[in-house]
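Enquirer: Next up is a structure, given as structure tokens.
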Protein chains: 2
Amino acid sequence: MTDPLPAPLGSGAPIPGASISGPLSPDLLRRMHGYWRAANYLSVGQIYLRANPLLDRPLALADVKTRLLGHWGTTPGLNLLYVHLNRLIVEHDLNMIAVIGPGHGGPGLVANTYLEGSYTERYPAIERSRGGMDRLFRQFSWPGGIPSHVAPETPGSIHEGGELGYSLAHAYGAVFDNPDLIVACVVGDGEAETGALATSWHSNKFLNPARDGAVLPILHLNGFKIANPTLLARIGRAELTELLRGYGYDPHFVVGDDPEAVHQTLAATLDAVLAQIQDIQAQARYGAPDGERPRWPMIVLQTPKGWTGPKFVDGKPVEGTWRAHQVPIADFKEPEHLRQLEEWLLSYRPAELFDETGKFREEYASLAPTGHRRMGSNPHANGGELLVPLVLPDFRDHAVAQAGHGTVKAAATAVLGGFLRDVMALNLEAANFRLFGPDETASNRLQAVYEVTGKAWMAEVEPVDENLSRDGRVMEVLSEHLCEGWLEGYLLTGRHGLFSCYEAFIHIIDSMFNQHAKWLKVTRGIPWRRPIASLNYLLTSHVWRQDHNGLSHQDPGFLDHVANKKAEVVRIYLPADANCLLSVADHCLRSRNYVNVIVAGKQPEWQWLGIDEAVRHCTTGAGVWEWASDPGDPDVVMACAGDVPTLETMAAVQLLRQFVPDIRIRVVNVVDLMVLQPQSEHPHGLDERAFDALFTTDTPVIFAFHGYPSLIHKLAYRRTNHRNFHVRGYKDEGTTTTPFDMVVLNDLDRYRLALDAIERIPRLRDRVPAETERYWTMIERHRLYIAEHGEDLPEVRDWQWTR
Amino acid sequence: MTDPLPAPLGSGAPIPGASISGPLSPDLLRRMHGYWRAANYLSVGQIYLRANPLLDRPLALADVKTRLLGHWGTTPGLNLLYVHLNRLIVEHDLNMIAVIGPGHGGPGLVANTYLEGSYTERYPAIERSRGGMDRLFRQFSWPGGIPSHVAPETPGSIHEGGELGYSLAHAYGAVFDNPDLIVACVVGDGEAETGALATSWHSNKFLNPARDGAVLPILHLNGFKIANPTLLARIGRAELTELLRGYGYDPHFVVGDDPEAVHQTLAATLDAVLAQIQDIQAQARYGAPDGERPRWPMIVLQTPKGWTGPKFVDGKPVEGTWRAHQVPIADFKEPEHLRQLEEWLLSYRPAELFDETGKFREEYASLAPTGHRRMGSNPHANGGELLVPLVLPDFRDHAVAQAGHGTVKAAATAVLGGFLRDVMALNLEAANFRLFGPDETASNRLQAVYEVTGKAWMAEVEPVDENLSRDGRVMEVLSEHLCEGWLEGYLLTGRHGLFSCYEAFIHIIDSMFNQHAKWLKVTRGIPWRRPIASLNYLLTSHVWRQDHNGLSHQDPGFLDHVANKKAEVVRIYLPADANCLLSVADHCLRSRNYVNVIVAGKQPEWQWLGIDEAVRHCTTGAGVWEWASDPGDPDVVMACAGDVPTLETMAAVQLLRQFVPDIRIRVVNVVDLMVLQPQSEHPHGLDERAFDALFTTDTPVIFAFHGYPSLIHKLAYRRTNHRNFHVRGYKDEGTTTTPFDMVVLNDLDRYRLALDAIERIPRLRDRVPAETERYWTMIERHRLYIAEHGEDLPEVRDWQWTR
């Protein structure tokens, strides 16, 4: 069947000059249109061709890739925006990068960075010549080549876009504290349906135009997803306008399918929105500093999906439909398709755009910005290039002092709060450190930071509010997605931060963590990507102290999720007390290219180590607590990781000594969970000798763990003594109850740990029946007591370590 | 310091009758106000009191609980809504339930269900008497008592609300296919900041007023979160109105802090919105069926946080501020606080409301609906009561026929699509089955369902659209949150469904799965909660076949996340081919109260088992594939779970027989992953004898697994032969490449599996060097081939099982 193929929309047809008025002169319009055609040509070439890049001989079947991969639908729109943003950058000498939500449009971004030269600078083999173009086409979605998305490999990208929803949060994170930066953020209309994106629009209430840069959201109303129309394209312009105004924006619509008209309208609109942005910034910087929250401009770009591609294939409409989403023409066993592809490619008139050597002709190439103004070379998109290390105070100044071990109580995160306050203060001038949290900074006891900075807030303020400030460096919003997305954007552009979160609810951003960890993994293999500051999580209000909030607030499973990721990227720390937390936090803030997860409690609890001991202990990652242990070969190793498990272990040790005076106990505390893995699996893994020296090769190990017990088995199953590991941890039991009942419900309590030890020490076998009875008596007492009093047994509440 | 405590707002002060006009007569107003006071009194009582419930003697310190837990701030607003919704139900004989987004307002819902009698029907010990009230107060947030949230224990609840964001999606899920049901959904203004909630407003584009019920969203503009104002309370009414209209609603504002005025306005507003709802439904049901998408009404209720609570405590403002969020008066070491609490409680004039026996006086009690019209007794909120089993076709009719093993190819999910089409068709009349997916139903090859139903869509339609329909039973939106939330709401109200999703992106709803699994765990212990249909996930477009989309699309970690949950709740199935998938799917659709995760590929692949074999195999959950194995004691067990691992294992077996003709191999395939766990840990766990019969006690096991290898170790580490388990699976290696390269990158390919076996069979030790060299030669050939051709080696693409 023959396709009724009209000339593709405006790709080949000449731009008729000044017939439509607008800011672009006929010549500039013609050259910009040529630039766009070139980007489209290179995009189609990447998707389809493995040879014959300049089409200087008839297209043959052998020139076409066997497997056709990539997404055409979104690409022409992205290419159009890129050439227009280039004009804006050049005319106004802008410091601008693009965040591309429709990350599937990889070919477009590769094409544009190739055209502007930044691609070849990063990848010299992809020269701006016939041979280079040949390799450019061939490498796309090719084994050993480049991925199909706007990936870490793509110059100028801080956003992969494979998993949809995070573009706008990344864009805002990038401009915080970057007053000169503008991020043009393309939001796909598919992406706009996701939860993360739907709330990201509200980021404008946290952006201070005096201090921060600007985000220019561009909602690309392409109209279709894989197989469906998009919601925002089908609610009518009036309702969409209300929605975007309700989000606090001033939307400018650019709508059309006639290239000339769209070029002029888009150019005029970009001029207008830039003027608005500059006006807002000038007002805030040089006018009234406390003026009303500005209504930021944004653009809605409504152009056909797969614009300039084939209108019909096999008699079915393609351009402007969901059929244009991926590869519009496939199945080249149908000979007509080859002709149609050739016609499509030639409609861009490549010979006009590239000379016979494959070089992009100067009349078009000269439109691009130069040097670091090119979006593919802007250092903000390779944040490590701009990274300034934090000035860190001496964390020892915040140490909890104590005469012995277990003699004072302190709230670990409150102590950390003091340290973070000083970190904040020392880096206020550098303006490169922020704290992120979903309405929980004070609930998590970090409120000392408010002594030096407030919470960023541009919305209305009432007298009863506390600590809100336009200049605040604490970012609070009841959305884990926004906290995570902003922080990622902030880190990817070369700054530092920490995300504190209720432990259970960090699962809300499991998938965002996933994608960031993948990004880090890939960038480690890209020499030009400079290391960035680590993504630091402080998980607190943790499972063992959410007895008051109940089961929905109790979940330590993020550790398992993190432990699945590449060892070179992830670190998990479980400091047992405040001094250990200080040491770990200091280390994490200095580290690069990791995801660090720190779990620490916020309730006042016994402190175990002096600061120097803590530093030594945390540096090794795990160690024998000699002061709590008996010399020589032990009957049992009482191991622990996490603050509450450590508390229960210490209490169990004391019980054991009371029950069995001649028992020999070794206490091993683990701070850095990755030491448990073999060295072959993780760089922090202890070597076999060191591991065996801690855990022995044949002694029972009672391991009290903060999370699910299986994680310890997973990490340690290859160790010599693993068969003797008996791990207690969270087993999904909980409700609204008391703190001690939480450990009882999960068999992590001191009585159970003591009984576990007795059961496993051969020479104490005779005592097991009596001790078991004693155990059940204790549990029964506990149950009766809490049912009667609603709080824990005095002997538990008042327990203190003695030896 | 003495608190400047004015009479709490409108709690004790008499309602002055008809001074403000509105639909409520002076008498009704007075009684409704009394009802509200009673609910508030019972809420404060639950938070504070452990004795003296009717305050018929002066409040003493001993009457107050030691640990004060609960959230007062949101509660008076919820109580106000409950009494007003009761009036609406009674006056219009409505079928209504409430979904309470601010789930922390547990005391309010408990109070109201107690007042209407439904609580006592579920919990006879909590009588409507002095003694019952005593127990009601004492049990709240008390060990062995009830949780502080609107929990599964709360009659009338289908939503816990501990983790914020899912109320509105649950509400819409509940009304789909329930034309008579209205769900009043209270959305907290804190919750409204979450991503999931922000996109949930768009659910109205998927609700068909002719077929579905109605959701009445009530945005409770309480003003504050734990420590911050809420965004939506600080953008001004104009912008908020635009936002809500942009979401497609017609917002009605009820604003005030004068109880009488608010009572009248709220009542008038509820009358108005009910009329609007009924009008929309009448239009759609009896008028023009294809009319415009309606603009549904909603309410914005703006009242002070902690309304009627103390205005000041210790000189600081509380009512109407974030300080009212949790327990407004604490620390009863301050004697003034006790007096203040007593005054607060007495301001509700309990003696007027309850008689001396503790019985709620009839003049107020008679306002409540009766029987199943009470929101605490509505069967829709205990969906199992309404559950009608699906009519299931014989899945054997969809079986892939084949003469032997591995003789035909089929796309497993496409075969399943045929079965699901028939399931859909057979239950169209019952209207109790829907499919959910984020724009991927066809991409996941389930498009056969479109032969009998379309995709639900109420927004604009254009000629190019396919399969959109107002009556469609396939729910597609690019939001995993919405798919999950809708499905949960649909299941919790007694219906059936399946969620198909790209495997990598199911992590987006990790935390929602978490909360649903917790809900199921708790309901298993609540006798009156009837079992509901299982939550079924079909994870496809899985890690091994996302070679074209690259690393961001490759992640099998959801299995680990699921495996952490209570064994009684979760099931994981990895059918190796289409017939196994059919058997598993049939089983899952019949099951109750589980979360079933099925992983299956969508690409055409070799089929292994006839349908009868498949049924037997899936029923056992794991078994020896005798037809692929050698008789007697094997040299090696080649185990596999998942379609691609099975394929590679079968190919490895063939290679091994070719390399080592006298080798004795046993092939074990695992469908039901939980059989690997000990029986003590999971009801599906094989007993030791059966496990050892499969995997032996001493033979090397080469286990090819779909997900992260550690999951197999975690499940099987207690098994006798575990030390000989050598597991291959995903290790986070991937990019845009070929399918076979994906397994090569992760050491899961046939050559590696064969070499693994040879390395572990003692009698073949001499052959290891030669086989290792052969392995590297193969890998080198593979690499060269894909770099040159961009597709897999012909011997891999064309491989077929022979024996």
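Quick note on naming: the chains in the structure tokens go A, B, ... in the order shown, residues restart at 1 in each chain, and ligands are numbered from 1 in order of appearance.
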DSSP says alpha helix (DSSP H) for which residues of range 377-423 of chain A? Put them as a PyMOL selection string?

Expert: chain A and resi 412-423

Enquirer: Contacts of range 289-296 of chain B at 12 Å or less, counting only C-alpha atoms, minus same-chain residues fewer than 4 places along, as a tab-separated table (two decimals) with C-alpha atoms, in the first residue's frame?

Expert:
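In the end it all went to result.tsv:
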```tsv
chain	number	residue	atom	x	y	z
A	234	ARG	CA	-7.08	17.17	26.76
A	235	ILE	CA	-8.48	19.50	29.38
A	236	GLY	CA	-8.70	22.56	27.18
A	239	GLU	CA	-8.54	24.71	32.44
B	201	TRP	CA	-6.85	15.41	41.83
B	202	HIS	CA	-6.75	14.42	38.16
B	203	SER	CA	-8.63	11.21	38.96
B	204	ASN	CA	-11.79	13.05	37.99
B	205	LYS	CA	-10.86	12.54	34.32
B	206	PHE	CA	-11.31	8.81	34.85
B	207	LEU	CA	-14.60	8.84	36.69
B	208	ASN	CA	-17.73	8.20	34.67
B	209	PRO	CA	-20.74	9.73	36.44
B	210	ALA	CA	-23.09	7.30	34.71
B	211	ARG	CA	-21.31	4.22	35.91
B	213	GLY	CA	-20.11	6.83	42.24
B	214	ALA	CA	-18.89	10.22	43.38
B	215	VAL	CA	-15.98	11.52	45.38
B	216	LEU	CA	-16.50	14.66	47.39
B	217	PRO	CA	-13.01	15.99	48.12
B	218	ILE	CA	-12.84	18.15	51.21
B	244	LEU	CA	-8.53	23.59	42.11
B	245	ARG	CA	-10.46	24.75	39.08
B	246	GLY	CA	-7.44	23.81	37.00
B	247	TYR	CA	-7.71	20.35	38.49
B	248	GLY	CA	-11.28	20.33	37.16
B	249	TYR	CA	-13.24	21.02	40.35
B	250	ASP	CA	-15.71	23.62	41.46
B	251	PRO	CA	-14.43	24.60	44.90
B	252	HIS	CA	-16.83	25.78	47.62
B	272	ALA	CA	-25.38	22.51	47.47
B	273	VAL	CA	-22.60	20.10	46.55
B	274	LEU	CA	-24.85	17.10	47.00
B	275	ALA	CA	-27.34	18.69	44.65
B	276	GLN	CA	-24.52	19.28	42.16
B	277	ILE	CA	-23.39	15.67	42.43
B	278	GLN	CA	-26.89	14.36	41.98
B	279	ASP	CA	-27.40	16.68	39.07
B	280	ILE	CA	-24.22	15.51	37.36
B	281	GLN	CA	-25.23	11.91	37.89
B	282	ALA	CA	-28.76	12.46	36.65
B	283	GLN	CA	-27.49	14.20	33.54
B	284	ALA	CA	-25.12	11.36	32.79
B	285	ARG	CA	-27.55	8.60	33.65
B	457	TRP	CA	-11.21	8.37	29.69
B	458	MET	CA	-13.47	11.32	30.37
B	459	ALA	CA	-11.24	14.05	28.95
B	460	GLU	CA	-11.33	15.24	25.34
B	461	VAL	CA	-11.12	12.67	22.55
B	469	SER	CA	-14.05	4.93	26.25
B	470	ARG	CA	-16.11	6.38	29.05
B	471	ASP	CA	-17.00	2.84	30.01
```

Enquirer: In Å, rounded to a single decimal, give me how far CA of Cys640 in chain A is from CA of Leu748 in chain A.

Expert: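 About the pair CA of Leu748 in chain A and CA of Cys640 in chain A: they are 10.7 Å apart.
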
Enquirer: Compile the contact shell of range 488-497 of chain B as JSON, numbers by chain: residues with an atom at most 9 Å away, counting only C-alpha atoms, same-chain residues fewer than 6 positions apart removed.

Expert: {"B": [158, 159, 169, 170, 171, 172, 173, 174, 175, 176, 177, 379, 380, 381, 382, 383, 384, 385, 386, 387, 388, 389, 390, 431, 432, 433, 434, 435, 436, 516, 531, 532, 533, 534, 535, 536, 589]}

Enquirer: Write the residues you've just listed into a file as a compact mmCIF listing (two decimals), in the first residue's frame, and include N, CA, C and O atoms for each of them.

Expert:
```txt
# COMPACT_ATOMS: atom_id res chain seq x y z
N ILE B 158 -11.08 2.59 55.26
CA ILE B 158 -10.33 1.81 54.27
C ILE B 158 -8.97 2.46 54.06
O ILE B 158 -8.28 2.19 53.09
N HIS B 159 -8.57 3.30 54.98
CA HIS B 159 -7.39 4.13 54.73
C HIS B 159 -6.73 4.46 56.07
O HIS B 159 -7.40 4.97 56.96
N ALA B 169 -6.69 9.04 45.96
CA ALA B 169 -6.63 7.89 45.03
C ALA B 169 -7.45 6.73 45.60
O ALA B 169 -8.17 6.05 44.86
N HIS B 170 -7.36 6.50 46.90
CA HIS B 170 -8.17 5.45 47.52
C HIS B 170 -9.66 5.76 47.35
O HIS B 170 -10.46 4.87 47.06
N ALA B 171 -10.02 7.01 47.53
CA ALA B 171 -11.42 7.39 47.43
C ALA B 171 -11.96 7.11 46.02
O ALA B 171 -13.05 6.55 45.85
N TYR B 172 -11.20 7.50 45.01
CA TYR B 172 -11.66 7.25 43.64
C TYR B 172 -11.73 5.75 43.36
O TYR B 172 -12.69 5.27 42.73
N GLY B 173 -10.72 5.01 43.82
CA GLY B 173 -10.77 3.56 43.63
C GLY B 173 -12.02 2.96 44.25
O GLY B 173 -12.63 2.04 43.70
N ALA B 174 -12.45 3.52 45.37
CA ALA B 174 -13.63 2.98 46.07
C ALA B 174 -14.92 3.22 45.29
O ALA B 174 -15.83 2.40 45.33
N VAL B 175 -15.03 4.34 44.58
CA VAL B 175 -16.30 4.64 43.91
C VAL B 175 -16.39 4.10 42.49
O VAL B 175 -17.48 4.08 41.92
N PHE B 176 -15.25 3.68 41.91
CA PHE B 176 -15.35 3.09 40.58
C PHE B 176 -16.33 1.91 40.64
O PHE B 176 -16.22 1.06 41.53
N ASP B 177 -17.26 1.88 39.73
CA ASP B 177 -18.25 0.79 39.66
C ASP B 177 -19.14 0.70 40.89
O ASP B 177 -19.73 -0.35 41.15
N PRO B 379 -20.87 -1.39 54.59
CA PRO B 379 -20.09 -2.56 54.15
C PRO B 379 -19.01 -2.23 53.13
O PRO B 379 -18.03 -2.97 53.00
N HIS B 380 -19.16 -1.12 52.41
CA HIS B 380 -18.10 -0.76 51.46
C HIS B 380 -16.76 -0.53 52.16
O HIS B 380 -15.71 -0.64 51.54
N ALA B 381 -16.82 -0.20 53.43
CA ALA B 381 -15.58 0.03 54.17
C ALA B 381 -15.04 -1.26 54.79
O ALA B 381 -14.05 -1.25 55.52
N ASN B 382 -15.70 -2.35 54.50
CA ASN B 382 -15.21 -3.67 54.92
C ASN B 382 -15.46 -4.58 53.73
O ASN B 382 -16.27 -5.50 53.76
N GLY B 383 -14.74 -4.23 52.63
CA GLY B 383 -15.06 -4.72 51.30
C GLY B 383 -15.27 -6.22 51.21
O GLY B 383 -16.04 -6.69 50.36
N GLY B 384 -14.57 -6.95 52.05
CA GLY B 384 -14.72 -8.40 52.00
C GLY B 384 -16.17 -8.84 52.17
O GLY B 384 -16.57 -9.89 51.65
N GLU B 385 -16.95 -8.04 52.88
CA GLU B 385 -18.37 -8.38 53.06
C GLU B 385 -19.13 -8.39 51.74
O GLU B 385 -20.16 -9.04 51.61
N LEU B 386 -18.64 -7.59 50.79
CA LEU B 386 -19.34 -7.45 49.51
C LEU B 386 -18.68 -8.25 48.40
O LEU B 386 -19.16 -8.25 47.25
N LEU B 387 -17.57 -8.90 48.73
CA LEU B 387 -16.75 -9.53 47.69
C LEU B 387 -17.52 -10.63 46.97
O LEU B 387 -18.05 -11.55 47.58
N VAL B 388 -17.57 -10.52 45.65
CA VAL B 388 -18.14 -11.57 44.80
C VAL B 388 -16.97 -12.17 44.03
O VAL B 388 -16.24 -11.43 43.35
N PRO B 389 -16.75 -13.47 44.14
CA PRO B 389 -15.60 -14.05 43.42
C PRO B 389 -15.73 -13.80 41.93
O PRO B 389 -16.84 -13.73 41.39
N LEU B 390 -14.60 -13.67 41.27
CA LEU B 390 -14.61 -13.52 39.82
C LEU B 390 -15.11 -14.80 39.17
O LEU B 390 -14.86 -15.89 39.68
N ALA B 431 -19.21 -6.13 36.84
CA ALA B 431 -18.51 -4.84 36.95
C ALA B 431 -17.63 -4.80 38.19
O ALA B 431 -17.70 -3.87 39.00
N ASN B 432 -16.79 -5.81 38.33
CA ASN B 432 -15.93 -5.86 39.53
C ASN B 432 -14.50 -6.25 39.22
O ASN B 432 -13.80 -6.79 40.07
N PHE B 433 -14.07 -5.97 38.00
CA PHE B 433 -12.69 -6.29 37.63
C PHE B 433 -12.15 -5.19 36.74
O PHE B 433 -12.80 -4.79 35.77
N ARG B 434 -10.99 -4.67 37.10
CA ARG B 434 -10.33 -3.67 36.25
C ARG B 434 -8.83 -3.97 36.16
O ARG B 434 -8.24 -4.54 37.08
N LEU B 435 -8.26 -3.52 35.05
CA LEU B 435 -6.82 -3.59 34.86
C LEU B 435 -6.23 -2.20 35.03
O LEU B 435 -6.80 -1.23 34.55
N PHE B 436 -5.08 -2.13 35.65
CA PHE B 436 -4.43 -0.84 35.93
C PHE B 436 -3.01 -0.85 35.37
O PHE B 436 -2.32 -1.87 35.49
N HIS B 516 0.11 -1.02 52.19
CA HIS B 516 -0.97 -1.97 51.93
C HIS B 516 -0.66 -3.32 52.58
O HIS B 516 -1.54 -3.96 53.17
N PRO B 531 -11.92 -11.09 54.39
CA PRO B 531 -10.82 -11.11 53.41
C PRO B 531 -11.19 -10.41 52.11
O PRO B 531 -12.34 -10.50 51.64
N ILE B 532 -10.24 -9.71 51.57
CA ILE B 532 -10.44 -9.03 50.29
C ILE B 532 -9.59 -9.71 49.22
O ILE B 532 -8.70 -10.51 49.53
N ALA B 533 -9.85 -9.36 47.97
CA ALA B 533 -9.05 -9.93 46.87
C ALA B 533 -7.61 -9.46 47.00
O ALA B 533 -7.33 -8.36 47.48
N SER B 534 -6.71 -10.31 46.56
CA SER B 534 -5.29 -9.98 46.66
C SER B 534 -4.93 -8.84 45.72
O SER B 534 -5.59 -8.61 44.69
N LEU B 535 -3.88 -8.16 46.09
CA LEU B 535 -3.29 -7.12 45.23
C LEU B 535 -2.31 -7.83 44.30
O LEU B 535 -1.29 -8.35 44.75
N ASN B 536 -2.65 -7.86 43.01
CA ASN B 536 -1.84 -8.62 42.04
C ASN B 536 -1.00 -7.69 41.18
O ASN B 536 -1.55 -6.81 40.51
N LEU B 589 -5.69 -14.70 40.94
CA LEU B 589 -6.99 -14.03 40.87
C LEU B 589 -8.01 -14.67 41.81
O LEU B 589 -9.02 -14.07 42.14
```

Enquirer: Counting only C-alpha atoms, which residues from chain A have an atom at most 6 Å from any atom of chain B, and could you show them as a VMD selection string?

Expert: chain A and resid 141 to 143 147 162 193 to 196 198 to 199 234 239 to 240 242 to 243 246 459 to 460 478 to 479 507 to 508 511 552 710 714 736 to 737 787 790

Enquirer: So which residues touch Asp747 in chain B within 10 Å, counting only C-alpha atoms, skipping near sequence neighbours fewer than 2 positions away, as a list of chain:residue names?

Expert: B:Ala704, B:Arg728, B:Gly729, B:Tyr730, B:Lys731, B:Glu733, B:Asp741, B:Met742, B:Val743, B:Val744, B:Leu745, B:Asp749, B:Arg750, B:Tyr751, B:Arg752, B:Leu753, B:Asp756

Enquirer: Any idea what the distance is between CA of Val660 in chain B and CA of Trp625 in chain B?

Expert: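 Interatomic distance, CA of Val660 in chain B to CA of Trp625 in chain B: 19.9 Å.
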
Enquirer: Excluding range 358-372 of chain A and residues on its chain fewer than 3 positions from it, collect all residues at most 7 Å away from it, counting only C-alpha atoms, and give them as a PDB file with N, CA and C atoms, in the first residue's frame.

Expert:
```pdb
ATOM      1  N   ARG A  31      18.281  30.798   9.006  1.00  0.00           N
ATOM      2  CA  ARG A  31      19.431  30.074   9.567  1.00  0.00           C
ATOM      3  C   ARG A  31      19.009  29.235  10.773  1.00  0.00           C
ATOM      4  N   GLY A  34      17.379  26.257   9.540  1.00  0.00           N
ATOM      5  CA  GLY A  34      18.400  25.320   9.047  1.00  0.00           C
ATOM      6  C   GLY A  34      19.053  24.566  10.189  1.00  0.00           C
ATOM      7  N   TYR A  35      19.323  25.277  11.252  1.00  0.00           N
ATOM      8  CA  TYR A  35      19.946  24.636  12.419  1.00  0.00           C
ATOM      9  C   TYR A  35      19.021  23.546  12.962  1.00  0.00           C
ATOM     10  N   ASN A  86      19.553  28.637  22.305  1.00  0.00           N
ATOM     11  CA  ASN A  86      20.861  29.102  21.853  1.00  0.00           C
ATOM     12  C   ASN A  86      20.810  30.583  21.453  1.00  0.00           C
ATOM     13  N   ARG A  87      19.773  30.940  20.704  1.00  0.00           N
ATOM     14  CA  ARG A  87      19.656  32.357  20.297  1.00  0.00           C
ATOM     15  C   ARG A  87      19.592  33.253  21.534  1.00  0.00           C
ATOM     16  N   ILE A  89      20.657  32.653  24.571  1.00  0.00           N
ATOM     17  CA  ILE A  89      21.952  32.663  25.269  1.00  0.00           C
ATOM     18  C   ILE A  89      22.908  33.636  24.591  1.00  0.00           C
ATOM     19  N   VAL A  90      22.974  33.546  23.259  1.00  0.00           N
ATOM     20  CA  VAL A  90      23.916  34.391  22.531  1.00  0.00           C
ATOM     21  C   VAL A  90      23.517  35.854  22.652  1.00  0.00           C
ATOM     22  N   LEU A 115      26.378  19.504  17.234  1.00  0.00           N
ATOM     23  CA  LEU A 115      26.363  20.674  16.348  1.00  0.00           C
ATOM     24  C   LEU A 115      27.102  21.863  16.965  1.00  0.00           C
ATOM     25  N   GLU A 116      27.013  22.014  18.265  1.00  0.00           N
ATOM     26  CA  GLU A 116      27.660  23.168  18.917  1.00  0.00           C
ATOM     27  C   GLU A 116      29.118  22.883  19.242  1.00  0.00           C
ATOM     28  N   ARG A 128      33.679  16.310  13.971  1.00  0.00           N
ATOM     29  CA  ARG A 128      32.668  17.032  13.185  1.00  0.00           C
ATOM     30  C   ARG A 128      33.045  16.908  11.714  1.00  0.00           C
ATOM     31  N   SER A 129      32.893  15.682  11.228  1.00  0.00           N
ATOM     32  CA  SER A 129      33.295  15.355   9.865  1.00  0.00           C
ATOM     33  C   SER A 129      32.455  14.182   9.423  1.00  0.00           C
ATOM     34  N   ARG A 130      32.609  13.793   8.195  1.00  0.00           N
ATOM     35  CA  ARG A 130      31.865  12.647   7.687  1.00  0.00           C
ATOM     36  C   ARG A 130      32.098  11.408   8.550  1.00  0.00           C
ATOM     37  N   LEU A 353      23.124  21.768   4.612  1.00  0.00           N
ATOM     38  CA  LEU A 353      23.495  22.004   6.009  1.00  0.00           C
ATOM     39  C   LEU A 353      24.934  21.592   6.317  1.00  0.00           C
ATOM     40  N   PHE A 354      25.368  20.523   5.656  1.00  0.00           N
ATOM     41  CA  PHE A 354      26.713  20.003   5.905  1.00  0.00           C
ATOM     42  C   PHE A 354      27.481  20.022   4.594  1.00  0.00           C
ATOM     43  N   ASP A 355      28.764  20.385   4.666  1.00  0.00           N
ATOM     44  CA  ASP A 355      29.532  20.365   3.418  1.00  0.00           C
ATOM     45  C   ASP A 355      29.953  18.927   3.113  1.00  0.00           C
ATOM     46  N   SER A 377      28.490  22.553  27.433  1.00  0.00           N
ATOM     47  CA  SER A 377      29.773  22.784  28.105  1.00  0.00           C
ATOM     48  C   SER A 377      29.631  23.595  29.369  1.00  0.00           C
ATOM     49  N   ASN A 378      28.415  23.948  29.720  1.00  0.00           N
ATOM     50  CA  ASN A 378      28.228  24.768  30.922  1.00  0.00           C
ATOM     51  C   ASN A 378      28.676  23.972  32.150  1.00  0.00           C
ATOM     52  N   PRO A 379      29.596  24.509  32.919  1.00  0.00           N
ATOM     53  CA  PRO A 379      30.117  23.724  34.056  1.00  0.00           C
ATOM     54  C   PRO A 379      29.063  23.370  35.096  1.00  0.00           C
TER      55      PRO A 379
END
```

Enquirer: With distances taken over only C-alpha atoms, which residue among B:Met778, B:Ala563, B:Val597, B:Ile572 lies nearest Leu655 in chain B?

Expert: B:Met778

Enquirer: Have a look at CA of Glu759 in chain A and CA of Phe740 in chain A and let me know their distance in Å, one decimal.

Expert: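 Straight-line distance from CA of Glu759 in chain A to CA of Phe740 in chain A works out to 22.5 Å.
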
Enquirer: Determine which residues of range 407-630 of chain A DSSP labels as strand (DSSP E) from the backbone of this structure, then write them out as an MDAnalysis selection string.

Expert: chainID A and resid 409:411 433:437 455:456 468:469 474:476 496:502 535:540 570:573 595:599 604:606 622:624
